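Encoded as structure tokens, the structure appears first; notes follow it.
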Protein chains: 2
Amino acid sequence: LFVAEGLRTVEELLRSPIEVRGVLATPQLVGSPRGQALLSAIRSRKIGLLELGESDFKSVADTDSPQGMLAIAVVPPRGIIDVPRADSFRILVLDSVQDPGNVGTIIRSAAALGAAATVCLPGTVDLWNAKVVRSAMGAHFHHLCFDATWDDVEAFRRERDAVIWGADVSGEAVGSLPRPARLALVVGNEGSGLSSLSRQRADCLVSLPITASADSLNVAVAASLFLYELCR
Amino acid sequence: LFVAEGLRTVEELLRSPIEVRGVLATPQLVGSPRGQALLSAIRSRKIGLLELGESDFKSVADTDSPQGMLAIAVVPPRGIIDVPRADSFRILVLDSVQDPGNVGTIIRSAAALGAAATVCLPGTVDLWNAKVVRSAMGAHFHHLCFDATWDDVEAFRRERDAVIWGADVSGEAVGSLPRPARLALVVGNEGSGLSSLSRQRADCLVSLPITASADSLNVAVAASLFLYELCR
């Protein structure tokens with residue numbers, strides 16, 4: 001199960017096929033048309049609804065200033081075999097990305113920029129962590145994202161005849177390389193970058209053009225720039 | 001004054017011309033070569049150094065797991081007149097961007113992608129807030145960033161003959177427009193987007209190509225994609 005907190009996230013959750021087990025809400029929500037619409041959608045779908053006072057709600061919420069709505073839902077069963085067969089696709093692979101806000105932002109970008117899937121390797125923060133879900137603003141519910149191992153990614157590469165690129169500041173400029181039709185891009189940890197295993201398995205390392213004055217970009221920004229460059 | 005926390009941030013601070021008033025550090029830092037190098041750089045520059053035990057340090061630090069080093073430094077006096085005169089430049093303008101992590105990530109991207117300056121309009125989180133500084137990983141110290149009003153930006157536009165674009169999902173696709181040589185791009189609040197004042201003052205509104213399945217991108221990602229697109 002996972003927790004989806006906030007009005008927008010719960011709205012997006014209810015628009016998805018994901019099974020919602022129950023909702024916690026504060027009575028104050030009834031005061032806003034948006035809150036009321038959401039509550040009546042929950043009731044009409046016969047989802048269990050428990051009202052909590054503000055201080056009780058605050059004690060279960062993950063945010064400092066909760067919006068008064070939180071859902072418990074079932075992590076959808078998904079895996080690398082669910083990536084649609086296509087002549088051309090881009091997959092994002094997260095190798096030990098640890099900040100929940102970064103992973104959520106990456107999922108949101110991957111959905112918006114048209115990646116076919118986002119794969120979380122071991123060492124990456126839990127994809128269904130409450131803060132990851134909140135930062136993704138509902139993108140988890142329609143973007144194909146899931147956990148997998150390097151062995152799964154290897155099997156996928158062979159089966160789909162895909163190329164694997166690793167994002168690294170020492171890599172070749174992404175603009176100078178011919179674009180493979182079927183591509184998985186691996187991005188690494190905030191501090192230490194790609195793991196040695198990812199370096200070994202990547203067919204080549206690629207970098208973004210940045211000025212000499214700064215060492216690096218935030219990992220969510222870097223992943224988004226690569227997708228922007230590669231998904232067009 | 002502002003607080004710069006963490007080893008990397010203090011390292012970058014010491015490489016900049018910014019005046020450092022004093023440093024707090026835990027004795028544990030002596031155990032690592034990196035910490036030792038930093039401490040000896042601080043001593044050789046005759047910057048006041050106060051050693052604190054771990055629990056005292058934790059009580060002043062802004063992070064949950066502090067690295068044991070924190071500097072107090074002087075906010076550099078900077079303004080829109082410091083933007084170098086050039087035939088061509090890109091300036092980023094933040095209109096009520098409120099999350100410190102987003103603003104820090106934007107400063108880091110603006111430095112890395114080659115923006116000439118980042119301007120914070122009223123309503124934007126304090127540029128020198130400890131979390132903004134930490135998220136920017138030292139980019140504040142070499143990237144020209146400062147607070148200004150819309151009147152300052154207007155005067156700058158007239159004096160430098162610059163064009164102002166506003167980032168908005170309803171805007172024209174950024175790829176379809178001719179690129180002005182001297183351009184200021186305004187990005188708005190995380191929830192509500194551009195203010196009505198920014199909409200009025202912008203010469204046109206521009207958008208990024210994103211898929212229909214997602215409403216939007218994180219503001220730091222959007223600002224970075226625009227700069228990536230416009231700074232090349």
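Lettering and numbering for the structure tokens are positional, with chains as A, B, ... in the shown order, residues counted from 1 in each chain, and ligands counted from 1 in the shown order.
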**Report entry** Within 12 Å of Arg160 in chain A using only C-alpha atoms, minus same-chain residues under 4 positions, as a list in words
**Finding:** Ile80, Ile81, Val83, Pro84, Arg85, Ala86, Asp87, Ser88, Phe89, Arg90, Ile91, Asp152, Val153, Glu154, Ala155, Phe156, Ile164, Ala181, Arg182, Leu183 and Ala184 of chain A
Output the selection as an mmCIF file, in the first residue's frame - N, CA, C and O atoms for each residue.
data_model
loop_
_atom_site.group_PDB
_atom_site.id
_atom_site.type_symbol
_atom_site.label_atom_id
_atom_site.label_comp_id
_atom_site.auth_asym_id
_atom_site.auth_seq_id
_atom_site.Cartn_x
_atom_site.Cartn_y
_atom_site.Cartn_z
ATOM 1 N N ILE A 80 9.087 -4.528 -15.840
ATOM 2 C CA ILE A 80 9.735 -4.119 -17.082
ATOM 3 C C ILE A 80 9.068 -4.768 -18.306
ATOM 4 O O ILE A 80 9.127 -4.217 -19.399
ATOM 5 N N ILE A 81 8.395 -5.923 -18.088
ATOM 6 C CA ILE A 81 7.700 -6.555 -19.220
ATOM 7 C C ILE A 81 6.488 -5.745 -19.670
ATOM 8 O O ILE A 81 5.946 -5.964 -20.747
ATOM 9 N N VAL A 83 6.567 -2.598 -20.385
ATOM 10 C CA VAL A 83 6.954 -1.536 -21.321
ATOM 11 C C VAL A 83 6.431 -1.919 -22.706
ATOM 12 O O VAL A 83 6.741 -3.007 -23.203
ATOM 13 N N PRO A 84 5.612 -1.065 -23.318
ATOM 14 C CA PRO A 84 5.008 -1.434 -24.594
ATOM 15 C C PRO A 84 6.082 -1.715 -25.647
ATOM 16 O O PRO A 84 7.106 -1.036 -25.699
ATOM 17 N N ARG A 85 5.829 -2.729 -26.474
ATOM 18 C CA ARG A 85 6.741 -3.023 -27.589
ATOM 19 C C ARG A 85 6.578 -1.919 -28.623
ATOM 20 O O ARG A 85 5.472 -1.640 -29.062
ATOM 21 N N ALA A 86 7.694 -1.304 -28.964
ATOM 22 C CA ALA A 86 7.625 -0.204 -29.925
ATOM 23 C C ALA A 86 8.963 -0.142 -30.649
ATOM 24 O O ALA A 86 9.983 -0.582 -30.120
ATOM 25 N N ASP A 87 8.935 0.402 -31.865
ATOM 26 C CA ASP A 87 10.177 0.529 -32.632
ATOM 27 C C ASP A 87 11.129 1.498 -31.953
ATOM 28 O O ASP A 87 12.339 1.417 -32.105
ATOM 29 N N SER A 88 10.547 2.429 -31.234
ATOM 30 C CA SER A 88 11.350 3.491 -30.661
ATOM 31 C C SER A 88 10.807 3.850 -29.284
ATOM 32 O O SER A 88 9.590 3.960 -29.093
ATOM 33 N N PHE A 89 11.688 3.954 -28.303
ATOM 34 C CA PHE A 89 11.251 4.398 -26.968
ATOM 35 C C PHE A 89 12.452 4.915 -26.192
ATOM 36 O O PHE A 89 13.593 4.648 -26.525
ATOM 37 N N ARG A 90 12.155 5.676 -25.147
ATOM 38 C CA ARG A 90 13.148 6.108 -24.166
ATOM 39 C C ARG A 90 12.686 5.678 -22.789
ATOM 40 O O ARG A 90 11.538 5.934 -22.413
ATOM 41 N N ILE A 91 13.615 5.033 -22.063
ATOM 42 C CA ILE A 91 13.371 4.570 -20.702
ATOM 43 C C ILE A 91 14.355 5.294 -19.798
ATOM 44 O O ILE A 91 15.512 5.454 -20.175
ATOM 45 N N ASP A 152 17.184 -7.489 -14.588
ATOM 46 C CA ASP A 152 15.950 -7.243 -15.354
ATOM 47 C C ASP A 152 16.237 -6.302 -16.522
ATOM 48 O O ASP A 152 15.749 -6.500 -17.633
ATOM 49 N N VAL A 153 17.020 -5.240 -16.249
ATOM 50 C CA VAL A 153 17.318 -4.263 -17.296
ATOM 51 C C VAL A 153 18.165 -4.912 -18.398
ATOM 52 O O VAL A 153 17.932 -4.696 -19.590
ATOM 53 N N GLU A 154 19.109 -5.770 -17.998
ATOM 54 C CA GLU A 154 19.945 -6.489 -18.972
ATOM 55 C C GLU A 154 19.097 -7.386 -19.876
ATOM 56 O O GLU A 154 19.274 -7.423 -21.093
ATOM 57 N N ALA A 155 18.177 -8.136 -19.254
ATOM 58 C CA ALA A 155 17.311 -9.044 -20.018
ATOM 59 C C ALA A 155 16.448 -8.228 -20.983
ATOM 60 O O ALA A 155 16.260 -8.602 -22.149
ATOM 61 N N PHE A 156 15.967 -7.096 -20.506
ATOM 62 C CA PHE A 156 15.143 -6.199 -21.327
ATOM 63 C C PHE A 156 15.954 -5.668 -22.507
ATOM 64 O O PHE A 156 15.483 -5.637 -23.643
ATOM 65 N N ILE A 164 21.988 1.165 -23.922
ATOM 66 C CA ILE A 164 21.996 1.785 -22.596
ATOM 67 C C ILE A 164 23.048 2.885 -22.546
ATOM 68 O O ILE A 164 24.212 2.648 -22.855
ATOM 69 N N ALA A 181 17.281 4.155 -31.599
ATOM 70 C CA ALA A 181 15.814 4.154 -31.584
ATOM 71 C C ALA A 181 15.292 3.727 -30.208
ATOM 72 O O ALA A 181 14.357 4.324 -29.676
ATOM 73 N N ARG A 182 15.905 2.693 -29.641
ATOM 74 C CA ARG A 182 15.433 2.154 -28.366
ATOM 75 C C ARG A 182 16.525 2.374 -27.331
ATOM 76 O O ARG A 182 17.593 1.767 -27.400
ATOM 77 N N LEU A 183 16.253 3.239 -26.386
ATOM 78 C CA LEU A 183 17.315 3.732 -25.500
ATOM 79 C C LEU A 183 16.875 3.731 -24.040
ATOM 80 O O LEU A 183 15.781 4.184 -23.708
ATOM 81 N N ALA A 184 17.765 3.224 -23.170
ATOM 82 C CA ALA A 184 17.587 3.379 -21.716
ATOM 83 C C ALA A 184 18.700 4.286 -21.214
ATOM 84 O O ALA A 184 19.870 4.054 -21.504
#
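All residues of range 55-165 of chain A that DSSP, run on the backbone, classes as strand (DSSP E or B) are A:Met69, A:Leu70, A:Ala71, A:Ile72, A:Ala73, A:Phe89, A:Arg90, A:Ile91, A:Leu92, A:Val93, A:Leu94, A:Ala117, A:Thr118, A:Val119, A:Cys120, A:Cys145, A:Phe146, A:Asp147, A:Val163, A:Ile164, A:Trp165.
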Using N, CA and C atoms, can you export the residues from the last selection as a PDB file, in the first residue's frame?
ATOM      1  N   MET A  69      -6.484  15.967   3.274  1.00  0.00           N
ATOM      2  CA  MET A  69      -6.947  14.775   2.553  1.00  0.00           C
ATOM      3  C   MET A  69      -5.776  13.861   2.259  1.00  0.00           C
ATOM      4  N   LEU A  70      -6.002  12.571   2.505  1.00  0.00           N
ATOM      5  CA  LEU A  70      -4.939  11.572   2.384  1.00  0.00           C
ATOM      6  C   LEU A  70      -5.600  10.244   2.019  1.00  0.00           C
ATOM      7  N   ALA A  71      -5.080   9.573   1.005  1.00  0.00           N
ATOM      8  CA  ALA A  71      -5.643   8.286   0.600  1.00  0.00           C
ATOM      9  C   ALA A  71      -4.623   7.173   0.784  1.00  0.00           C
ATOM     10  N   ILE A  72      -5.155   5.973   1.069  1.00  0.00           N
ATOM     11  CA  ILE A  72      -4.329   4.764   1.131  1.00  0.00           C
ATOM     12  C   ILE A  72      -4.719   3.947  -0.095  1.00  0.00           C
ATOM     13  N   ALA A  73      -3.728   3.559  -0.917  1.00  0.00           N
ATOM     14  CA  ALA A  73      -4.045   2.852  -2.154  1.00  0.00           C
ATOM     15  C   ALA A  73      -3.062   1.717  -2.373  1.00  0.00           C
ATOM     16  N   PHE A  89      11.688   3.954 -28.303  1.00  0.00           N
ATOM     17  CA  PHE A  89      11.251   4.398 -26.968  1.00  0.00           C
ATOM     18  C   PHE A  89      12.452   4.915 -26.192  1.00  0.00           C
ATOM     19  N   ARG A  90      12.155   5.676 -25.147  1.00  0.00           N
ATOM     20  CA  ARG A  90      13.148   6.108 -24.166  1.00  0.00           C
ATOM     21  C   ARG A  90      12.686   5.678 -22.789  1.00  0.00           C
ATOM     22  N   ILE A  91      13.615   5.033 -22.063  1.00  0.00           N
ATOM     23  CA  ILE A  91      13.371   4.570 -20.702  1.00  0.00           C
ATOM     24  C   ILE A  91      14.355   5.294 -19.798  1.00  0.00           C
ATOM     25  N   LEU A  92      13.911   5.692 -18.633  1.00  0.00           N
ATOM     26  CA  LEU A  92      14.814   6.299 -17.667  1.00  0.00           C
ATOM     27  C   LEU A  92      15.090   5.276 -16.566  1.00  0.00           C
ATOM     28  N   VAL A  93      16.346   5.138 -16.167  1.00  0.00           N
ATOM     29  CA  VAL A  93      16.730   4.190 -15.116  1.00  0.00           C
ATOM     30  C   VAL A  93      17.397   4.980 -13.989  1.00  0.00           C
ATOM     31  N   LEU A  94      16.867   4.835 -12.763  1.00  0.00           N
ATOM     32  CA  LEU A  94      17.416   5.568 -11.619  1.00  0.00           C
ATOM     33  C   LEU A  94      18.298   4.644 -10.788  1.00  0.00           C
ATOM     34  N   ALA A 117       8.904   4.669 -19.697  1.00  0.00           N
ATOM     35  CA  ALA A 117       8.891   4.092 -18.350  1.00  0.00           C
ATOM     36  C   ALA A 117      10.026   4.687 -17.533  1.00  0.00           C
ATOM     37  N   THR A 118       9.898   4.585 -16.187  1.00  0.00           N
ATOM     38  CA  THR A 118      10.999   4.913 -15.291  1.00  0.00           C
ATOM     39  C   THR A 118      11.237   3.708 -14.389  1.00  0.00           C
ATOM     40  N   VAL A 119      12.479   3.234 -14.373  1.00  0.00           N
ATOM     41  CA  VAL A 119      12.872   2.040 -13.635  1.00  0.00           C
ATOM     42  C   VAL A 119      13.708   2.468 -12.431  1.00  0.00           C
ATOM     43  N   CYS A 120      13.357   1.974 -11.236  1.00  0.00           N
ATOM     44  CA  CYS A 120      14.149   2.278 -10.040  1.00  0.00           C
ATOM     45  C   CYS A 120      14.996   1.075  -9.662  1.00  0.00           C
ATOM     46  N   CYS A 145       6.038   3.352 -13.898  1.00  0.00           N
ATOM     47  CA  CYS A 145       7.254   3.406 -13.076  1.00  0.00           C
ATOM     48  C   CYS A 145       7.206   2.251 -12.087  1.00  0.00           C
ATOM     49  N   PHE A 146       8.366   1.655 -11.814  1.00  0.00           N
ATOM     50  CA  PHE A 146       8.411   0.423 -11.010  1.00  0.00           C
ATOM     51  C   PHE A 146       9.853   0.157 -10.591  1.00  0.00           C
ATOM     52  N   ASP A 147      10.029  -0.775  -9.653  1.00  0.00           N
ATOM     53  CA  ASP A 147      11.355  -1.240  -9.230  1.00  0.00           C
ATOM     54  C   ASP A 147      11.807  -2.381 -10.127  1.00  0.00           C
ATOM     55  N   VAL A 163      19.709   0.111 -26.449  1.00  0.00           N
ATOM     56  CA  VAL A 163      21.027   0.632 -26.103  1.00  0.00           C
ATOM     57  C   VAL A 163      20.926   1.279 -24.726  1.00  0.00           C
ATOM     58  N   ILE A 164      21.988   1.165 -23.922  1.00  0.00           N
ATOM     59  CA  ILE A 164      21.996   1.785 -22.596  1.00  0.00           C
ATOM     60  C   ILE A 164      23.048   2.885 -22.546  1.00  0.00           C
ATOM     61  N   TRP A 165      22.613   4.080 -22.182  1.00  0.00           N
ATOM     62  CA  TRP A 165      23.535   5.201 -21.981  1.00  0.00           C
ATOM     63  C   TRP A 165      23.577   5.535 -20.491  1.00  0.00           C
TER      64      TRP A 165
END
**Report entry** Exercise answer, chain A residues close to chain B, 9 Å and only C-alpha atoms, as an MDAnalysis selection string
**Finding:** chainID A and resid 105 108:109 111:114 135:136 138:139 142:143 209:218 220:222 224:225 228
Once you have the residues from the selection above, write them out as an mmCIF file, in the first residue's frame, restricted to C-alpha atoms.
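See out_3.cif below for the written result:
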data_model
loop_
_atom_site.group_PDB
_atom_site.id
_atom_site.type_symbol
_atom_site.label_atom_id
_atom_site.label_comp_id
_atom_site.auth_asym_id
_atom_site.auth_seq_id
_atom_site.Cartn_x
_atom_site.Cartn_y
_atom_site.Cartn_z
ATOM 1 C CA THR A 105 10.232 15.437 -9.780
ATOM 2 C CA ARG A 108 6.690 14.027 -13.126
ATOM 3 C CA SER A 109 9.165 15.019 -15.858
ATOM 4 C CA ALA A 111 5.524 11.541 -17.682
ATOM 5 C CA ALA A 112 5.420 15.067 -19.125
ATOM 6 C CA LEU A 113 8.319 14.626 -21.550
ATOM 7 C CA GLY A 114 7.178 11.284 -22.927
ATOM 8 C CA SER A 135 6.428 15.519 -5.487
ATOM 9 C CA ALA A 136 5.312 13.690 -8.630
ATOM 10 C CA GLY A 138 0.006 12.301 -9.558
ATOM 11 C CA ALA A 139 2.383 11.220 -12.332
ATOM 12 C CA HIS A 142 -0.433 7.149 -15.285
ATOM 13 C CA HIS A 143 3.331 6.919 -15.947
ATOM 14 C CA PRO A 209 26.609 20.945 -22.311
ATOM 15 C CA ILE A 210 27.129 23.049 -19.169
ATOM 16 C CA THR A 211 29.428 25.997 -18.488
ATOM 17 C CA ALA A 212 32.729 25.479 -16.721
ATOM 18 C CA SER A 213 31.713 27.604 -13.744
ATOM 19 C CA ALA A 214 29.449 24.970 -12.223
ATOM 20 C CA ASP A 215 30.275 21.364 -11.487
ATOM 21 C CA SER A 216 26.924 19.839 -12.086
ATOM 22 C CA LEU A 217 23.166 20.095 -12.227
ATOM 23 C CA ASN A 218 20.591 18.786 -9.784
ATOM 24 C CA ALA A 220 16.171 15.822 -11.454
ATOM 25 C CA VAL A 221 17.120 18.733 -13.722
ATOM 26 C CA ALA A 222 19.789 16.664 -15.500
ATOM 27 C CA SER A 224 14.763 16.161 -17.399
ATOM 28 C CA LEU A 225 17.198 17.870 -19.789
ATOM 29 C CA TYR A 228 13.886 16.770 -23.317
#
Requested in this report: Kindly indicate which residue among A:Gly191, A:Gln200, A:Leu230, A:Arg157 lies nearest to Ser176 in chain A, using only C-alpha atoms for the distances.
Outcome: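 Checking each of A:Gly191, A:Gln200, A:Leu230, A:Arg157 against Ser176 in chain A, counting only C-alpha atoms, the winner is A:Leu230.
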Requested in this report: Considering only C-alpha atoms, return as an NGL selection string whatever protein or nucleic-acid residues lie within 12 Å of Ser96 in chain A, sequence-local ones (same chain, fewer than 4 positions apart) excluded.
Outcome: :A and (100 or 102-103 or 119-127 or 147 or 149-150 or 186-198 or 219)
Store the residues picked out above in a file with C-alpha atoms, as a PDB file, in the first residue's frame.
ATOM      1  CA  PRO A 100      12.449  11.703  -2.450  1.00  0.00           C
ATOM      2  CA  ASN A 102      14.245  14.457  -6.751  1.00  0.00           C
ATOM      3  CA  VAL A 103      12.681  11.089  -7.587  1.00  0.00           C
ATOM      4  CA  VAL A 119      12.872   2.040 -13.635  1.00  0.00           C
ATOM      5  CA  CYS A 120      14.149   2.278 -10.040  1.00  0.00           C
ATOM      6  CA  LEU A 121      17.226   0.150  -9.342  1.00  0.00           C
ATOM      7  CA  PRO A 122      18.026  -1.072  -5.801  1.00  0.00           C
ATOM      8  CA  GLY A 123      19.464   1.781  -3.715  1.00  0.00           C
ATOM      9  CA  THR A 124      16.976   4.298  -5.087  1.00  0.00           C
ATOM     10  CA  VAL A 125      14.525   5.712  -2.533  1.00  0.00           C
ATOM     11  CA  ASP A 126      11.189   3.835  -2.338  1.00  0.00           C
ATOM     12  CA  LEU A 127       9.219   4.911  -5.413  1.00  0.00           C
ATOM     13  CA  ASP A 147      11.355  -1.240  -9.230  1.00  0.00           C
ATOM     14  CA  THR A 149      17.178  -5.057 -10.825  1.00  0.00           C
ATOM     15  CA  TRP A 150      20.109  -4.604 -13.204  1.00  0.00           C
ATOM     16  CA  VAL A 186      20.775   5.649 -16.483  1.00  0.00           C
ATOM     17  CA  VAL A 187      21.178   8.552 -14.036  1.00  0.00           C
ATOM     18  CA  GLY A 188      23.064   8.149 -10.761  1.00  0.00           C
ATOM     19  CA  ASN A 189      23.222   9.243  -7.152  1.00  0.00           C
ATOM     20  CA  GLU A 190      23.101  12.943  -6.146  1.00  0.00           C
ATOM     21  CA  GLY A 191      26.564  12.871  -4.598  1.00  0.00           C
ATOM     22  CA  SER A 192      28.504  10.038  -6.186  1.00  0.00           C
ATOM     23  CA  GLY A 193      26.906   9.727  -9.628  1.00  0.00           C
ATOM     24  CA  LEU A 194      26.687   6.399 -11.466  1.00  0.00           C
ATOM     25  CA  SER A 195      27.606   3.225  -9.586  1.00  0.00           C
ATOM     26  CA  SER A 196      30.504   1.164 -10.946  1.00  0.00           C
ATOM     27  CA  LEU A 197      27.992  -1.487 -12.042  1.00  0.00           C
ATOM     28  CA  SER A 198      26.088   1.087 -14.111  1.00  0.00           C
ATOM     29  CA  VAL A 219      19.874  15.155 -10.775  1.00  0.00           C
TER      30      VAL A 219
END
Report summary line: CA of Ala162 in chain B to CA of Val97 in chain B measures 22.6 Å
Report task. Select from range 86-187 of chain A everything DSSP, run on the backbone, classes as helix (DSSP H, G or I), then give the selection as a PyMOL selection string. Result -> chain A and resi 100-113+130-135+139-141+150-160+174-176
Query raised in the report: Could you work out how far CA of Ala130 in chain A lies from CA of Gln67 in chain A, giving the answer in Å with one decimal?
Result: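 That distance, rounded to one decimal, is 14.2 Å.
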Report summary line: Correct to one decimal, the distance CA of Val133 in chain A-CA of Gln36 in chain A is 22.8 Å
